[in-house]
Amino acid sequence: MARKFFVGGNWKMNGDFASVDGIVAFLNQSADNSNVDVVVAPPAPYLAYAKANLKAGVLVAAQNCYKTAKGAFTGEISPAMIKDLGLEWVILGHSERRHVFGESDALIAEKTIHALESGIKVIFCIGEKLEEREAGHTKDVNFRQLQAIVDKGVSWENIVIAYEPVWAIGTGKTASPEQAQEVHEWIRAFLKEKVSPAVADATRIIYGGSVTADNAAELGKKPDIDGFLVGGASLKPDFVKIIYARS
Ligand code: PGA
């Protein structure tokens, strides 16, 4: 079956009102592309502003959320709040959450299930570190990270999986199309075995890690690469070329 191309822009902890205005302007000027889901993730203080100013075809995601609806969790935001802002998506399990902030597979799985149950769709990120790849553990690490949500019995129609090798994020060292395709194929086979052939066929698996306007087209030709999660390059007008990489 045809999986709709999905391009996410993860702004991370970057931006101010002036730069958000600039990004909104180039996104709003870009011709509508009904063949691609475009979802950008501003920092939490700019979510409402971005949503209010972006055209309808560009959706807005939060970069993270907690595992309960409300309470004494200073500094956190909840899926209920994301929904209240009129947004549909959240990024969970990003490598910076895992490795800078020490989030475990178990916590990320709890957050994922709570977001889904709250009606928020999840860009679920996985990926191995360089030393794990070099030790031959790429498959094990990615499968372990996925297994944490398989064990929770999540509903897969509202999940996009982002394979983001940690060694490729923000480093300029993009995975080659072959390296990315190999892991995407493993992930799809994993879903087929552990969940179902239908879910394996329908779930979008996007690649992230130093995606640019120059390398997106080649990556996007691979049969199991269904889009991108873009960090640094999503802050620049060239992001629009990535949106059109497969059009
Ligand atoms: P990058 O980040 O494109 O800057 O490598 C990707 C990501 O972290 O999602």
# chains A, B, ... in the order shown; residues from 1 in each chain; ligands from 1
call {"tool": "residues_near_ligand", "arguments": {"ligand": "ligand 1", "cutoff": "9 Å", "atoms": "only C-alpha atoms and all ligand atoms", "output": "VMD selection string"}}
result
chain A and resid 8 to 12 94 to 96 125 162 164 166 to 174 207 to 212 228 to 234
call {"tool": "select_by_dssp", "arguments": {"residues": "segment 17-129 of chain A", "states": "strand (DSSP E)", "output": "NGL selection string"}}
result
:A and (36-41 or 58-62 or 89-92 or 121-126)
call {"tool": "closest_residue", "arguments": {"among": "A:Phe17, A:Phe6, A:Phe190, A:Tyr244", "to": "Ala216 of chain A", "atoms": "only C-alpha atoms"}}
result
A:Tyr244
call {"tool": "residues_around", "arguments": {"residues": "Ala148 of chain A", "least_positions_apart": "3", "cutoff": "10 Å", "atoms": "only C-alpha atoms", "output": "list in words"}}
result
Ser104, Asp105, Ala106, Leu107, Ile108, Ala109, Glu110, Thr112, Phe143, Arg144, Gln145, Asp151, Lys152, Gly153 and Val154 of chain A
call {"tool": "residues_around", "arguments": {"residues": "Glu218 of chain A", "least_positions_apart": "3", "cutoff": "12 Å", "atoms": "only C-alpha atoms", "output": "tab-separated table (two decimals) with C-alpha atoms, in the first residue's frame"}}
result
chain	number	residue	atom	x	y	z
A	174	THR	CA	24.10	11.43	7.25
A	175	ALA	CA	23.48	7.70	7.03
A	176	SER	CA	23.91	6.60	3.43
A	177	PRO	CA	20.65	5.70	1.67
A	178	GLU	CA	21.77	2.04	1.90
A	180	ALA	CA	19.19	3.88	6.34
A	181	GLN	CA	17.23	1.51	4.09
A	211	VAL	CA	19.00	15.38	6.37
A	212	THR	CA	19.51	18.30	3.98
A	213	ALA	CA	18.05	19.54	0.73
A	214	ASP	CA	21.03	17.90	-0.97
A	215	ASN	CA	20.69	14.36	0.38
A	221	LYS	CA	14.04	6.95	-3.20
A	222	LYS	CA	14.51	4.00	-0.88
A	223	PRO	CA	11.41	1.83	-0.61
A	225	ILE	CA	12.03	5.43	3.81
A	227	GLY	CA	9.90	10.67	4.94
A	242	ILE	CA	13.01	18.49	1.64
A	245	ALA	CA	12.05	15.58	-2.05
A	246	ARG	CA	9.81	12.85	-3.40
call {"tool": "select_by_dssp", "arguments": {"residues": "segment 59-164 of chain A", "states": "alpha helix (DSSP H)", "output": "JSON, numbers by chain"}}
result
{"A": [79, 80, 81, 82, 83, 84, 95, 96, 97, 98, 99, 105, 106, 107, 108, 109, 110, 111, 112, 113, 114, 115, 116, 117, 130, 131, 132, 133, 134, 138, 139, 140, 141, 142, 143, 144, 145, 146, 147, 148, 149, 150]}
call {"tool": "atom_distance", "arguments": {"atom1": "atom CA of Ile113 of chain A", "atom2": "atom CA of Glu182 of chain A"}}
result
27.7 Å
call {"tool": "residues_around", "arguments": {"residues": "Asn53 of chain A", "least_positions_apart": "6", "cutoff": "12 Å", "atoms": "only C-alpha atoms", "output": "ChimeraX atom specification"}}
result
/A:17,20-28,46-47,59-60
call {"tool": "closest_residue", "arguments": {"among": "A:Thr203, A:Leu235, A:Ile243, A:Ala189", "to": "Asp16 of chain A", "atoms": "only C-alpha atoms"}}
result
A:Leu235
call {"tool": "atom_distance", "arguments": {"atom1": "atom CA of Asn33 of chain A", "atom2": "atom CA of Val122 of chain A"}}
result
21.6 Å
call {"tool": "residues_around", "arguments": {"residues": "Glu193 of chain A", "least_positions_apart": "6", "cutoff": "12 Å", "atoms": "only C-alpha atoms", "output": "PDB file with N, CA, C and O atoms, in the first residue's frame"}}
result
ATOM      1  N   PHE A 143      15.513  -2.598  18.038  1.00  0.00           N
ATOM      2  CA  PHE A 143      14.416  -3.525  18.373  1.00  0.00           C
ATOM      3  C   PHE A 143      14.029  -3.385  19.845  1.00  0.00           C
ATOM      4  O   PHE A 143      12.857  -3.445  20.191  1.00  0.00           O
ATOM      5  N   GLN A 147      10.456  -2.566  21.116  1.00  0.00           N
ATOM      6  CA  GLN A 147       9.766  -3.582  21.917  1.00  0.00           C
ATOM      7  C   GLN A 147       9.061  -2.952  23.118  1.00  0.00           C
ATOM      8  O   GLN A 147       7.990  -3.408  23.530  1.00  0.00           O
ATOM      9  N   VAL A 150       5.785  -2.047  21.855  1.00  0.00           N
ATOM     10  CA  VAL A 150       5.034  -3.255  21.464  1.00  0.00           C
ATOM     11  C   VAL A 150       4.447  -3.893  22.732  1.00  0.00           C
ATOM     12  O   VAL A 150       3.281  -4.289  22.765  1.00  0.00           O
ATOM     13  N   TRP A 186      14.709  -3.639   8.448  1.00  0.00           N
ATOM     14  CA  TRP A 186      14.692  -4.442   9.687  1.00  0.00           C
ATOM     15  C   TRP A 186      13.500  -4.049  10.539  1.00  0.00           C
ATOM     16  O   TRP A 186      12.838  -4.906  11.126  1.00  0.00           O
ATOM     17  N   ILE A 187      13.269  -2.724  10.645  1.00  0.00           N
ATOM     18  CA  ILE A 187      12.169  -2.246  11.505  1.00  0.00           C
ATOM     19  C   ILE A 187      10.834  -2.756  10.948  1.00  0.00           C
ATOM     20  O   ILE A 187       9.972  -3.224  11.696  1.00  0.00           O
ATOM     21  N   VAL A 199       0.152  -3.805   9.943  1.00  0.00           N
ATOM     22  CA  VAL A 199       0.794  -2.661  10.603  1.00  0.00           C
ATOM     23  C   VAL A 199       2.168  -2.398   9.969  1.00  0.00           C
ATOM     24  O   VAL A 199       2.548  -1.257   9.720  1.00  0.00           O
ATOM     25  N   ALA A 200       2.900  -3.469   9.670  1.00  0.00           N
ATOM     26  CA  ALA A 200       4.219  -3.303   9.037  1.00  0.00           C
ATOM     27  C   ALA A 200       4.083  -2.576   7.700  1.00  0.00           C
ATOM     28  O   ALA A 200       4.892  -1.718   7.359  1.00  0.00           O
ATOM     29  N   ASP A 201       3.039  -2.890   6.990  1.00  0.00           N
ATOM     30  CA  ASP A 201       2.820  -2.316   5.671  1.00  0.00           C
ATOM     31  C   ASP A 201       2.376  -0.847   5.749  1.00  0.00           C
ATOM     32  O   ASP A 201       2.753  -0.027   4.927  1.00  0.00           O
TER      33      ASP A 201
END
call {"tool": "closest_residue", "arguments": {"among": "A:Gly93, A:Pro42, A:Gly86, A:Gly71", "to": "Ile120 of chain A", "atoms": "only C-alpha atoms"}}
result
A:Gly86
call {"tool": "atom_distance", "arguments": {"atom1": "atom CA of Lys139 of chain A", "atom2": "atom CA of Gly127 of chain A"}}
result
9.3 Å
